Amino acid sequence: MRKIISLAVATVLGCAGLAVAQDVKDDGQSATYYESLKGKRVAFVPVAMGFDLTEGWFAGMQNQAEALGYTVEVRDPNWSTEAATQAANGFIAEKPDVLVLHPLDRQAYNRIVPRAMAEGINVIQINLKSVANGDVYVGADWYQIATLMAEDMVKACGQGSGKNGKVAYVLGRPNTPGVETSIAAYNEVLKQDSSISIVAEQMADYDATKAQGITATLLKQHPDLCGVMGIWDGQDIGISAAARDAGMLDKLHIVTSGGGAKSAACDNVENGNFGAYFSYDVPGQTRDLNAAVKMLLQTKPKPGSTPFALYTPIKRIAKDNLAPSSCWTLDELKRSGG
């Protein structure tokens with residue numbers, strides 16, 4: 001009888017062990033997770049490739065795609081709105097599972113986003129947003145970041161600073177999402193300090209050379225200018241160049257924003273090109289972007305039915321808080337980002 005009982009117990013335990021061994025690869029969700037991602041296709045239309053934001057996002061997207069068995073494809077419009085809309089429409093005709101857009105022109109994409117969703121494609125907008133909601137927005141809250149930038153300018157040039165309060169705007173391109181929102185936020189904050197006066201508002205088309213020329217003229221017209229509100233580091237390095245040429249770099253408070261790459265952010269804060277830099281942190285955005293892709297591929301919502309946003313936490317980088325961890329490099333993102 002004891003042998004029979006022992007044999008029965010051993011059989012039960014053996015079966016239990018077999019069950020555990022069979023289930024160890026699937027915790028109840030993991031098998032479905034991997035299967036839902038395998039073989040899918042993600043399409044990406046940036047404003048352009050070849051600079052830190054888009055190269056960083058794409059590197060992280062590629063890393064995740066390779067790890068999980070789907071593909072990601074990019075088409076580069078090279079700053080042309082017409083080429084970008086053509087690229088987006090081309091992808092829509094091919095019907096990828098997810099379309100990631102970086103819309104520089106709000107109105108141009110206002111038709112593309114609904115068209116993609118009408119074709120059954122889930123849409124993510126990254127860091128810039130058309131008027132139309134897609135399924136997900138991942139990126140900066142531009143009103144928030146512009147408010148933080150303006151508050152920094154008030155501290156540097158406004159009441160109690162000992163400065164004259166003269167501030168100029170050197171921005172990007174009219175009618176683009178970040179510029180329209182930033183102007184509204186800058187004005188809202190700066191008008192609250194009666195000692196601040198806006199002496200100029202110029203557009204440099206996101207071009208560093210144009211920003212340098214505009215700033216050189218402004219500094220001749222206003223040699224006692226206290227600060228310049230920029231919009232994006234790639235353009236605003238031209239503001240710094242003009243200030244350096246005029247011998248005013250150490251007197252002019254230049255505030256900008258960007259993705260926080262070391263060469264664009266930390267190096268230029270350290271060398272004095274920027275007085276304050278507000279980072280929307282590309283590695284963090286890339287994790288959010290990849291998470292949004294995985295959510296959409298797993299849940300397969302009807303396009304446009306449940307839009308949501310993942311807004312990026314903003315961090316200020318200046319000489320008073322600069323640290324080795326403040327910024328990132330593209331090589332790091334290519335190795336392990338996403």
# chains A, B, ... in the order shown; residues from 1 in each chain; ligands from 1
>>> closest_atom_pairs(of="region 269-319 of chain A", to="region 126-135 of chain A", cutoff="9 Å", atoms="only C-alpha atoms", output="tab-separated table")
residue	atom	partner	partner_atom	distance
A:Tyr280	CA	A:Asn127	CA	8.9
A:Gln285	CA	A:Ile126	CA	8.4
A:Leu289	CA	A:Ile126	CA	7.6
A:Leu296	CA	A:Asp135	CA	8.5
A:Pro301	CA	A:Asp135	CA	8.7
A:Pro303	CA	A:Asp135	CA	6.3
A:Gly304	CA	A:Asp135	CA	5.2
A:Ser305	CA	A:Asp135	CA	7.4
A:Thr306	CA	A:Asp135	CA	6.5
A:Pro307	CA	A:Asp135	CA	4.3
A:Phe308	CA	A:Asp135	CA	6.4
A:Ala309	CA	A:Asp135	CA	8.4
A:Tyr311	CA	A:Asn127	CA	8.8
A:Thr312	CA	A:Asn127	CA	8.8
>>> select_by_dssp(residues="region 75-236 of chain A", states="helix (DSSP H, G or I)", output="VMD selection string")
chain A and resid 81 to 94 106 to 118 142 to 157 177 to 190 208 to 221 233 to 236
>>> select_by_dssp(residues="region 61-184 of chain A", states="strand (DSSP E)", output="PyMOL selection string")
chain A and resi 71-74+98-101+122-126+136-139+166-171
>>> residues_around(residues="region 322-330 of chain A", least_positions_apart="6", cutoff="7 Å", atoms="only C-alpha atoms", output="tab-separated table (two decimals) with all heavy atoms, in the first residue's frame")
chain	number	residue	atom	x	y	z
A	56	GLY	N	17.31	60.12	-32.98
A	56	GLY	CA	17.17	59.45	-31.69
A	56	GLY	C	15.90	58.62	-31.61
A	56	GLY	O	15.92	57.46	-31.18
A	260	GLY	N	17.67	67.58	-25.81
A	260	GLY	CA	18.62	67.30	-24.73
A	260	GLY	C	19.83	66.50	-25.12
A	260	GLY	O	20.50	65.92	-24.25
A	261	ALA	N	20.17	66.45	-26.41
A	261	ALA	CA	21.41	65.78	-26.82
A	261	ALA	C	22.61	66.53	-26.24
A	261	ALA	O	22.60	67.75	-26.15
A	261	ALA	CB	21.51	65.71	-28.34
A	262	LYS	N	23.65	65.81	-25.89
A	262	LYS	CA	24.81	66.41	-25.23
A	262	LYS	C	25.42	67.52	-26.08
A	262	LYS	O	25.73	68.61	-25.58
A	262	LYS	CB	25.86	65.35	-24.92
A	262	LYS	CG	27.10	65.89	-24.21
A	262	LYS	CD	28.09	64.78	-23.89
A	262	LYS	CE	29.30	65.34	-23.14
A	262	LYS	NZ	30.08	66.30	-23.94
A	266	CYS	N	23.95	70.19	-23.35
A	266	CYS	CA	24.92	70.33	-22.26
A	266	CYS	C	26.20	71.05	-22.68
A	266	CYS	O	26.71	71.91	-21.96
A	266	CYS	CB	25.27	68.96	-21.68
A	266	CYS	SG	23.92	68.23	-20.71
>>> atom_distance(atom1="CA of Asp281 (chain A)", atom2="CA of Gly213 (chain A)")
28.9 Å
>>> closest_atom_pairs(of="region 65-116 of chain A", to="region 162-177 of chain A", cutoff="12 Å", atoms="only C-alpha atoms", output="CSV")
residue,atom,partner,partner_atom,distance
A:Trp79,CA,A:Arg173,CA,11.4
A:Thr81,CA,A:Thr176,CA,11.1
A:His102,CA,A:Pro177,CA,10.7
A:Pro103,CA,A:Pro177,CA,8.4
A:Leu104,CA,A:Thr176,CA,5.8
A:Asp105,CA,A:Thr176,CA,5.2
A:Arg106,CA,A:Thr176,CA,6.0
A:Gln107,CA,A:Asn175,CA,8.4
A:Ala108,CA,A:Thr176,CA,10.3
A:Tyr109,CA,A:Thr176,CA,11.0
A:Asn110,CA,A:Pro177,CA,11.8
>>> write_last_selection(atoms="C-alpha atoms", output="mmCIF file, in the first residue's frame")
data_model
loop_
_atom_site.group_PDB
_atom_site.id
_atom_site.type_symbol
_atom_site.label_atom_id
_atom_site.label_comp_id
_atom_site.auth_asym_id
_atom_site.auth_seq_id
_atom_site.Cartn_x
_atom_site.Cartn_y
_atom_site.Cartn_z
ATOM 1 C CA TRP A 79 11.918 69.840 -44.182
ATOM 2 C CA THR A 81 5.824 70.039 -46.170
ATOM 3 C CA HIS A 102 5.996 64.527 -36.898
ATOM 4 C CA PRO A 103 3.831 67.285 -38.382
ATOM 5 C CA LEU A 104 5.607 70.597 -38.853
ATOM 6 C CA ASP A 105 2.576 72.144 -40.584
ATOM 7 C CA ARG A 106 -0.638 71.846 -38.578
ATOM 8 C CA GLN A 107 -3.027 72.496 -41.455
ATOM 9 C CA ALA A 108 -1.331 70.201 -43.978
ATOM 10 C CA TYR A 109 -1.663 67.259 -41.594
ATOM 11 C CA ASN A 110 -5.199 68.159 -40.567
#
>>> closest_residue(among="A:Gly258, A:Gly234, A:Pro46, A:Gly60", to="Ala88 (chain A)", atoms="only C-alpha atoms")
A:Pro46
>>> atom_distance(atom1="CA of Asp233 (chain A)", atom2="CA of Ala318 (chain A)")
13.8 Å
>>> residues_around(residues="Ala291 (chain A)", least_positions_apart="5", cutoff="12 Å", atoms="only C-alpha atoms", output="list in words")
Leu37, Gly60, Met61, Gln64, Ala65, Ile124, Val136, Tyr137, Val138, Gly284, Gln285, Thr286, Leu296, Leu297, Gln298, Ala309, Leu310 and Gly338 of chain A
>>> atom_distance(atom1="CA of Ile183 (chain A)", atom2="CA of Asp76 (chain A)")
28.3 Å
